[in-house]
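**Q** Contents of run_8.txt (compact mmCIF, C-alpha atoms):
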```
# COMPACT_ATOMS: atom_id res chain seq x y z
CA MET A 1 0.00 0.00 0.00
CA THR A 2 2.79 2.39 0.91
CA ASP A 3 6.54 2.26 1.37
CA LEU A 4 5.91 1.91 5.12
CA VAL A 5 3.27 -0.83 5.18
CA SER A 6 2.76 -3.40 2.47
CA TYR A 7 -0.57 -5.23 2.06
CA ALA A 8 -0.87 -8.76 0.71
CA PHE A 9 -4.25 -10.51 0.59
CA ALA A 10 -4.71 -14.19 -0.17
CA ASP A 11 -7.17 -16.87 0.91
CA GLY A 12 -8.93 -14.61 3.40
CA VAL A 13 -5.73 -13.43 5.08
CA ALA A 14 -4.30 -9.92 4.93
CA THR A 15 -0.61 -9.66 5.77
CA LEU A 16 0.43 -6.18 6.88
CA THR A 17 4.20 -5.77 6.87
CA MET A 18 5.78 -2.72 8.47
CA ASP A 19 9.13 -1.65 7.05
CA ASP A 20 10.56 1.85 7.32
CA GLY A 21 14.08 0.53 6.75
CA LYS A 22 15.00 1.13 10.38
CA ALA A 23 13.06 0.53 13.61
CA ASN A 24 9.48 0.72 12.27
CA VAL A 25 8.79 3.71 14.50
CA MET A 26 5.19 4.63 15.23
CA ASN A 27 5.18 8.17 13.87
CA PRO A 28 2.10 9.75 12.24
CA ALA A 29 3.11 8.46 8.78
CA MET A 30 3.37 4.85 9.98
CA GLN A 31 0.10 5.17 11.88
CA MET A 32 -1.64 6.50 8.79
CA ALA A 33 -0.27 3.62 6.71
CA LEU A 34 -1.40 1.04 9.26
CA ASN A 35 -4.87 2.54 9.50
CA ALA A 36 -5.19 2.50 5.72
CA ALA A 37 -4.12 -1.15 5.65
CA LEU A 38 -6.63 -2.01 8.39
CA ASP A 39 -9.34 -0.22 6.39
CA ARG A 40 -8.57 -2.45 3.46
CA ALA A 41 -8.38 -5.59 5.59
CA GLU A 42 -11.72 -4.85 7.20
CA ALA A 43 -13.29 -4.31 3.78
CA ASP A 44 -11.85 -7.68 2.76
CA LYS A 45 -13.22 -9.24 5.98
CA ALA A 46 -9.75 -10.64 6.45
CA ILE A 47 -7.82 -12.31 9.19
CA VAL A 48 -4.90 -9.95 9.81
CA VAL A 49 -1.28 -10.98 10.19
CA LEU A 50 0.69 -8.00 11.45
CA THR A 51 4.45 -8.23 11.14
CA GLY A 52 7.64 -6.28 10.56
CA ARG A 53 10.79 -6.75 8.60
CA PRO A 54 13.26 -9.39 9.87
CA GLY A 55 14.81 -8.35 13.16
CA VAL A 56 12.28 -5.73 14.21
CA PHE A 57 8.57 -5.50 14.88
CA SER A 58 8.57 -1.91 16.12
CA GLY A 59 10.88 0.23 18.22
CA GLY A 60 8.01 2.37 19.49
CA PHE A 61 7.22 6.04 19.07
CA ASP A 62 9.57 8.16 16.96
CA LEU A 63 12.10 9.80 19.29
CA SER A 64 13.00 12.32 16.59
CA VAL A 65 9.48 13.72 16.85
CA PHE A 66 9.96 14.24 20.57
CA LYS A 67 13.34 15.90 20.01
CA ALA A 68 11.95 18.23 17.35
CA GLY A 69 9.84 19.84 20.07
CA ASN A 70 6.70 20.52 18.04
CA PRO A 71 3.85 20.00 20.55
CA GLN A 72 1.21 19.62 17.85
CA VAL A 73 3.03 16.85 15.99
CA THR A 74 3.99 15.13 19.25
CA PHE A 75 0.38 15.21 20.42
CA GLN A 76 -0.77 13.86 17.06
CA MET A 77 1.70 10.98 17.27
CA LEU A 78 0.82 10.02 20.84
CA THR A 79 -2.95 10.19 20.43
CA GLY A 80 -2.68 8.42 17.09
CA GLY A 81 -0.79 5.58 18.74
CA ALA A 82 -3.42 5.22 21.45
CA GLN A 83 -6.21 5.21 18.89
CA LEU A 84 -4.36 2.64 16.78
CA ALA A 85 -4.13 0.33 19.80
CA GLN A 86 -7.83 0.83 20.39
CA ARG A 87 -8.61 0.02 16.78
CA LEU A 88 -6.53 -3.14 16.73
CA LEU A 89 -8.16 -4.37 19.94
CA SER A 90 -11.60 -3.90 18.41
CA TYR A 91 -10.82 -5.27 14.92
CA PRO A 92 -13.74 -7.65 14.26
CA HIS A 93 -11.72 -10.53 12.81
CA PRO A 94 -8.71 -12.43 14.17
CA VAL A 95 -5.39 -10.59 14.44
CA VAL A 96 -2.16 -12.59 14.61
CA ALA A 97 1.02 -10.69 15.46
CA ALA A 98 4.05 -12.27 13.80
CA CYS A 99 6.62 -10.46 15.90
CA SER A 100 9.65 -10.63 13.65
CA GLY A 101 12.11 -9.09 16.10
CA HIS A 102 12.32 -6.44 18.81
CA ALA A 103 9.12 -4.93 20.22
CA MET A 104 9.82 -1.86 22.31
CA ALA A 105 7.54 0.67 24.01
CA MET A 106 4.65 1.45 21.62
CA GLY A 107 5.70 -1.57 19.57
CA LEU A 108 5.19 -3.73 22.66
CA PHE A 109 1.86 -2.10 23.42
CA LEU A 110 0.63 -2.72 19.88
CA LEU A 111 1.74 -6.34 20.14
CA GLN A 112 -0.53 -6.81 23.16
CA CYS A 113 -3.55 -5.78 21.06
CA ALA A 114 -3.36 -8.84 18.81
CA ASP A 115 -5.46 -11.93 19.50
CA VAL A 116 -2.46 -14.23 19.07
CA ARG A 117 1.13 -13.08 19.63
CA ILE A 118 4.00 -15.13 18.23
CA GLY A 119 7.57 -13.95 18.66
CA LEU A 120 11.14 -15.15 18.41
CA ASN A 121 12.81 -17.29 21.05
CA ALA A 122 16.18 -15.65 20.44
CA GLY A 123 17.47 -12.35 19.11
CA ALA A 124 14.45 -10.27 20.13
CA THR A 125 13.79 -8.05 23.14
CA PHE A 126 10.37 -7.19 24.53
CA GLN A 127 10.49 -4.11 26.72
CA ALA A 128 8.59 -1.05 27.87
CA ASN A 129 11.64 1.15 28.37
CA GLU A 130 9.90 4.42 29.20
CA VAL A 131 11.14 4.75 32.79
CA LEU A 132 14.69 4.18 31.61
CA ILE A 133 14.61 7.19 29.29
CA GLY A 134 12.75 9.69 31.47
CA MET A 135 9.22 9.04 30.28
CA THR A 136 6.04 7.79 31.94
CA LEU A 137 3.92 4.87 30.81
CA PRO A 138 0.67 6.30 29.42
CA TYR A 139 -2.68 5.18 30.77
CA PHE A 140 -3.72 3.57 27.48
CA ALA A 141 -0.55 1.46 27.47
CA LEU A 142 -1.18 0.30 31.02
CA GLU A 143 -4.66 -0.84 30.00
CA ALA A 144 -3.28 -2.75 26.99
CA LEU A 145 -0.62 -4.38 29.16
CA ARG A 146 -3.04 -5.16 31.98
CA GLU A 147 -5.24 -7.02 29.51
CA ARG A 148 -2.55 -9.60 28.74
CA VAL A 149 0.42 -9.44 31.12
CA ALA A 150 0.46 -11.65 34.19
CA THR A 151 0.80 -10.25 37.71
CA PRO A 152 3.41 -9.64 39.11
CA HIS A 153 5.08 -9.29 35.70
CA LEU A 154 2.92 -6.26 34.94
CA HIS A 155 4.86 -4.34 37.58
CA LEU A 156 8.20 -5.65 36.33
CA VAL A 157 7.30 -4.62 32.77
CA GLY A 158 6.48 -1.18 34.16
CA THR A 159 9.96 -0.89 35.67
CA GLY A 160 11.59 -1.39 32.26
CA LEU A 161 12.65 -5.03 32.65
CA ALA A 162 13.65 -6.55 29.30
CA TYR A 163 12.18 -9.93 28.39
CA SER A 164 13.07 -12.45 25.72
CA GLY A 165 12.03 -15.91 24.56
CA ALA A 166 10.40 -18.20 27.11
CA ASP A 167 10.47 -15.44 29.75
CA ALA A 168 8.28 -13.27 27.51
CA VAL A 169 5.80 -16.14 27.20
CA GLN A 170 5.77 -16.71 30.95
CA ALA A 171 5.15 -13.01 31.57
CA GLY A 172 2.25 -12.97 29.13
CA LEU A 173 3.89 -10.71 26.57
CA LEU A 174 3.79 -13.51 23.99
CA ASP A 175 1.66 -16.60 23.47
CA GLU A 176 4.41 -18.51 21.71
CA ALA A 177 8.15 -18.07 21.11
CA VAL A 178 9.73 -19.90 18.17
CA ALA A 179 12.98 -19.98 16.25
CA PRO A 180 13.20 -17.33 13.51
CA GLU A 181 13.09 -20.00 10.80
CA SER A 182 9.88 -21.40 12.34
CA LEU A 183 7.96 -18.13 12.61
CA ALA A 184 6.13 -18.42 9.29
CA ALA A 185 5.01 -21.98 10.01
CA ALA A 186 3.84 -21.09 13.51
CA VAL A 187 1.83 -18.17 12.18
CA GLN A 188 0.30 -20.32 9.46
CA ALA A 189 -0.75 -22.92 12.01
CA GLN A 190 -2.56 -20.27 14.03
CA VAL A 191 -4.19 -18.81 10.92
CA ASP A 192 -5.40 -22.27 9.87
CA ARG A 193 -6.86 -22.79 13.34
CA LEU A 194 -8.60 -19.42 13.37
CA LYS A 195 -10.11 -19.99 9.94
CA LYS A 196 -12.20 -22.74 11.51
CA ALA A 197 -13.93 -20.30 13.83
CA HIS A 198 -17.45 -19.18 12.94
CA PRO A 199 -16.98 -15.50 11.96
CA ALA A 200 -19.97 -14.03 13.80
CA SER A 201 -19.33 -16.15 16.89
CA PHE A 202 -15.67 -15.12 16.91
CA THR A 203 -16.54 -11.43 16.68
CA ALA A 204 -19.16 -11.62 19.43
CA THR A 205 -16.85 -13.58 21.72
CA LYS A 206 -13.97 -11.18 21.08
CA GLN A 207 -16.21 -8.26 21.99
CA ARG A 208 -17.11 -9.96 25.28
CA LEU A 209 -13.50 -10.84 26.06
CA ARG A 210 -12.38 -7.30 25.34
CA ALA A 211 -15.28 -5.53 27.02
CA SER A 212 -13.26 -4.52 30.07
CA VAL A 213 -10.30 -3.03 28.23
CA MET A 214 -12.48 -1.41 25.58
CA GLY A 215 -14.56 0.16 28.33
CA ALA A 216 -11.46 1.49 30.08
CA LEU A 217 -9.61 2.81 27.04
CA PRO A 218 -11.67 5.91 26.22
CA GLN A 219 -11.10 7.41 29.67
CA ALA A 220 -7.47 6.30 29.61
CA ILE A 221 -6.93 8.07 26.30
CA GLU A 222 -8.64 11.22 27.56
CA SER A 223 -6.42 11.18 30.66
CA ASP A 224 -3.36 10.80 28.44
CA LYS A 225 -4.50 13.65 26.23
CA ALA A 226 -4.86 15.90 29.25
CA ASP A 227 -1.34 15.01 30.39
CA TRP A 228 0.18 15.54 26.96
CA MET A 229 -1.61 18.83 26.39
CA ARG A 230 -0.66 20.13 29.84
CA LEU A 231 2.98 19.19 29.55
CA GLY A 232 3.38 20.23 25.94
CA THR A 233 5.82 17.34 25.47
CA ALA A 234 5.41 13.57 25.59
CA LYS A 235 5.23 11.51 28.71
CA ALA A 236 4.89 8.29 26.73
```
Could you spell out this file's structure in structure tokens?

**A**
Amino acid sequence: MTDLVSYAFADGVATLTMDDGKANVMNPAMQMALNAALDRAEADKAIVVLTGRPGVFSGGFDLSVFKAGNPQVTFQMLTGGAQLAQRLLSYPHPVVAACSGHAMAMGLFLLQCADVRIGLNAGATFQANEVLIGMTLPYFALEALRERVATPHLHLVGTGLAYSGADAVQAGLLDEAVAPESLAAAVQAQVDRLKKAHPASFTATKQRLRASVMGALPQAIESDKADWMRLGTAKA
């Protein structure tokens, strides 16, 4: 679809591949590309496979936007990221995250919004590093993490602890960790399984499962907006 997100549709499955040539940062351009791809996938009534280029899923929000110091663009990026998480959580068909490498900060939060999360058992780090770089975890991110991450790991994730492989599965950041050469097969197995689900029943069940987080997100996003507007710079 764009240079940032490619769209491939076959046999009821839409594969969305992020690739900005670097860390797949979640700036407004990447968010726009992802939303356009999700528009197309929803029109196709597709199962979504969300992935990145080899070695990286997403490094999170674009630090260069923060450093540029434009409050309007920073606010746009942060609110856009929160709304993208909200959209992925509510996508009516299955979403499988094929986490092709590192998932940091906003990349990690987006990963938690997929129905099935498959990552690498080596060579990939899963980390919310905000407190290590002088930022604060936003409310929307806490809600996304709380939905999937096991206690007490939720608190360890919040302190910036880096996870990998089996530890990420144990913490609830991933559902499965596989060797890089096995990622495609593992994703295909999950897609094949999800294709057997009755579409309307899947959607209704997903809505019930996600009712708590979807109910909490609007207020979380409004609280984040108030913080970001008051501070004039990002706390996420």

**Q** Give me, as a Markdown table, each residue of stretch 17-117 of chain A that comes within 9 Å of stretch 137-145 of chain A, together with its shortest interatomic pair and the distance in Å at one decimal, counting all atoms listed in the file, with rows ordered by chain and rising residue number.

**A**
```
| residue | atom | partner | partner_atom | distance |
| --- | --- | --- | --- | --- |
| A:Ala82 | CA | A:Phe140 | CA | 6.3 |
| A:Ala85 | CA | A:Ala144 | CA | 7.9 |
| A:Gln86 | CA | A:Phe140 | CA | 8.6 |
| A:Leu89 | CA | A:Ala144 | CA | 8.7 |
| A:Ala105 | CA | A:Leu137 | CA | 8.8 |
| A:Met106 | CA | A:Ala141 | CA | 7.8 |
| A:Leu108 | CA | A:Leu145 | CA | 8.7 |
| A:Phe109 | CA | A:Ala141 | CA | 5.9 |
| A:Leu110 | CA | A:Ala144 | CA | 8.1 |
| A:Gln112 | CA | A:Ala144 | CA | 6.2 |
| A:Cys113 | CA | A:Ala144 | CA | 6.7 |
```

**Q** Restricting the calculation to only C-alpha atoms, which member of A:Ala36, A:Val116, A:Ala204, A:Ala46 is positioned closest to A:Ser6?

**A**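 Result for the nearest residue to A:Ser6: A:Ala36.
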
**Q** Neighbourhood query: residues within 8 Å of (-6.9, -16.5, 9.2), file coordinates, counting all atoms listed in the file; return as an MDAnalysis selection string.

**A** chainID A and resid 12:13 46:49 94 190:195

**Q** Contacts of A:His153 at 12 Å or less, counting only C-alpha atoms, minus same-chain residues fewer than 6 places along, as a JSON list (two decimals) with C-alpha atoms, keeping the file's coordinate frame?

**A**
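Final file, result.json:
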```json
[["chain", "number", "residue", "atom", "x", "y", "z"],
["A", 127, "GLN", "CA", 10.49, -4.11, 26.72],
["A", 128, "ALA", "CA", 8.59, -1.05, 27.87],
["A", 145, "LEU", "CA", -0.62, -4.38, 29.16],
["A", 146, "ARG", "CA", -3.04, -5.16, 31.98],
["A", 159, "THR", "CA", 9.96, -0.89, 35.67],
["A", 160, "GLY", "CA", 11.59, -1.39, 32.26],
["A", 161, "LEU", "CA", 12.65, -5.03, 32.65],
["A", 162, "ALA", "CA", 13.65, -6.55, 29.30],
["A", 163, "TYR", "CA", 12.18, -9.93, 28.39],
["A", 167, "ASP", "CA", 10.47, -15.44, 29.75],
["A", 168, "ALA", "CA", 8.28, -13.27, 27.51],
["A", 169, "VAL", "CA", 5.80, -16.14, 27.20],
["A", 170, "GLN", "CA", 5.77, -16.71, 30.95],
["A", 171, "ALA", "CA", 5.15, -13.01, 31.57],
["A", 172, "GLY", "CA", 2.25, -12.97, 29.13],
["A", 173, "LEU", "CA", 3.89, -10.71, 26.57]]
```

**Q** Using all atoms listed in the file for the distances, tell me which of A:Tyr7, A:Phe61, A:Phe202, A:Phe75 is nearest to A:Ala33.

**A**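 Checking each of A:Tyr7, A:Phe61, A:Phe202, A:Phe75 against A:Ala33, counting all atoms listed in the file, the winner is A:Tyr7.
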
**Q** Calculate how many Å separate atom CA of A:Ala43 from atom CA of A:Leu174, rounding to one decimal.

**A**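 Straight-line distance from atom CA of A:Ala43 to atom CA of A:Leu174 works out to 28.0 Å.
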
**Q** Contacts of A:Gln83 at 10 Å or less, counting all atoms listed in the file, minus same-chain residues fewer than 4 places along, as a PyMOL selection string?

**A** chain A and resi 31+35+77-79+87-89+140+217-218+221

**Q** Rank A:Trp228, A:Thr51, A:Gly123, A:Gly59 by their smallest atom-to-atom distance to A:Ala8, using only C-alpha atoms, and report the top residue only.

**A**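 Ranking A:Trp228, A:Thr51, A:Gly123, A:Gly59 by distance to A:Ala8, first place goes to A:Thr51.
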
**Q** When you draw a straight line from atom CA of A:Arg208 to atom CA of A:Ser90, how long is it in Å?

**A** 10.7 Å

**Q** For the point (5.8, -2.0, 7.8) in the file's frame, write as a ChimeraX atom specification all residues with an atom no more than 10 Å away, counting all atoms listed in the file.

**A** /A:1-7,16-21,23-26,30,33-34,50-53,56-58

**Q** Counting all atoms listed in the file, give me one row per residue of stretch 75-164 of chain A with an atom at most 7 Å from an atom of stretch 179-184 of chain A, showing the shortest contact pair and its distance in Å to one decimal, sorted by chain then residue number, as CSV.

**A**
```
residue,atom,partner,partner_atom,distance
A:Leu120,CA,A:Ala179,CA,5.6
A:Asn121,CA,A:Ala179,CA,5.5
A:Ala122,CA,A:Ala179,CA,6.8
```

**Q** Using the file's own x, y and z axes, so that the box edges lie along x, y and z, what centre and edge lengths in Å (one decimal) does a box around every listed atom of stretch 180-183 of chain A get when 6 Å is added on each side? Give it as AutoDock Vina command-line options.

**A**
```
--center_x 10.6 --center_y -19.4 --center_z 12.2 --size_x 17.2 --size_y 16.1 --size_z 14.7
```

**Q** For the atom pair atom CA of A:Ala189 and atom CA of A:Met214, what is the interatomic distance in Å to one decimal place?

**A**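 So the two atoms, atom CA of A:Ala189 and atom CA of A:Met214, lie 28.0 Å apart.
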
**Q** Between A:His93, A:Gly55, A:Arg40, A:Thr136, which residue has the minimum interatomic distance to A:Asp224, considering only C-alpha atoms?

**A**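 The answer is A:Thr136, which sits nearest to A:Asp224.
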
**Q** Check the smallest atom-to-atom distance from each of A:Gln72, A:Gly107, A:Asp39, A:Asp175 to A:Met229 using all atoms listed in the file, then report the winner.

**A**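 Closest candidate: A:Gln72.
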
**Q** Closest to A:Val187 among A:Asn70, A:Ser100, A:Thr203, A:Thr151, using all atoms listed in the file?

**A** A:Ser100
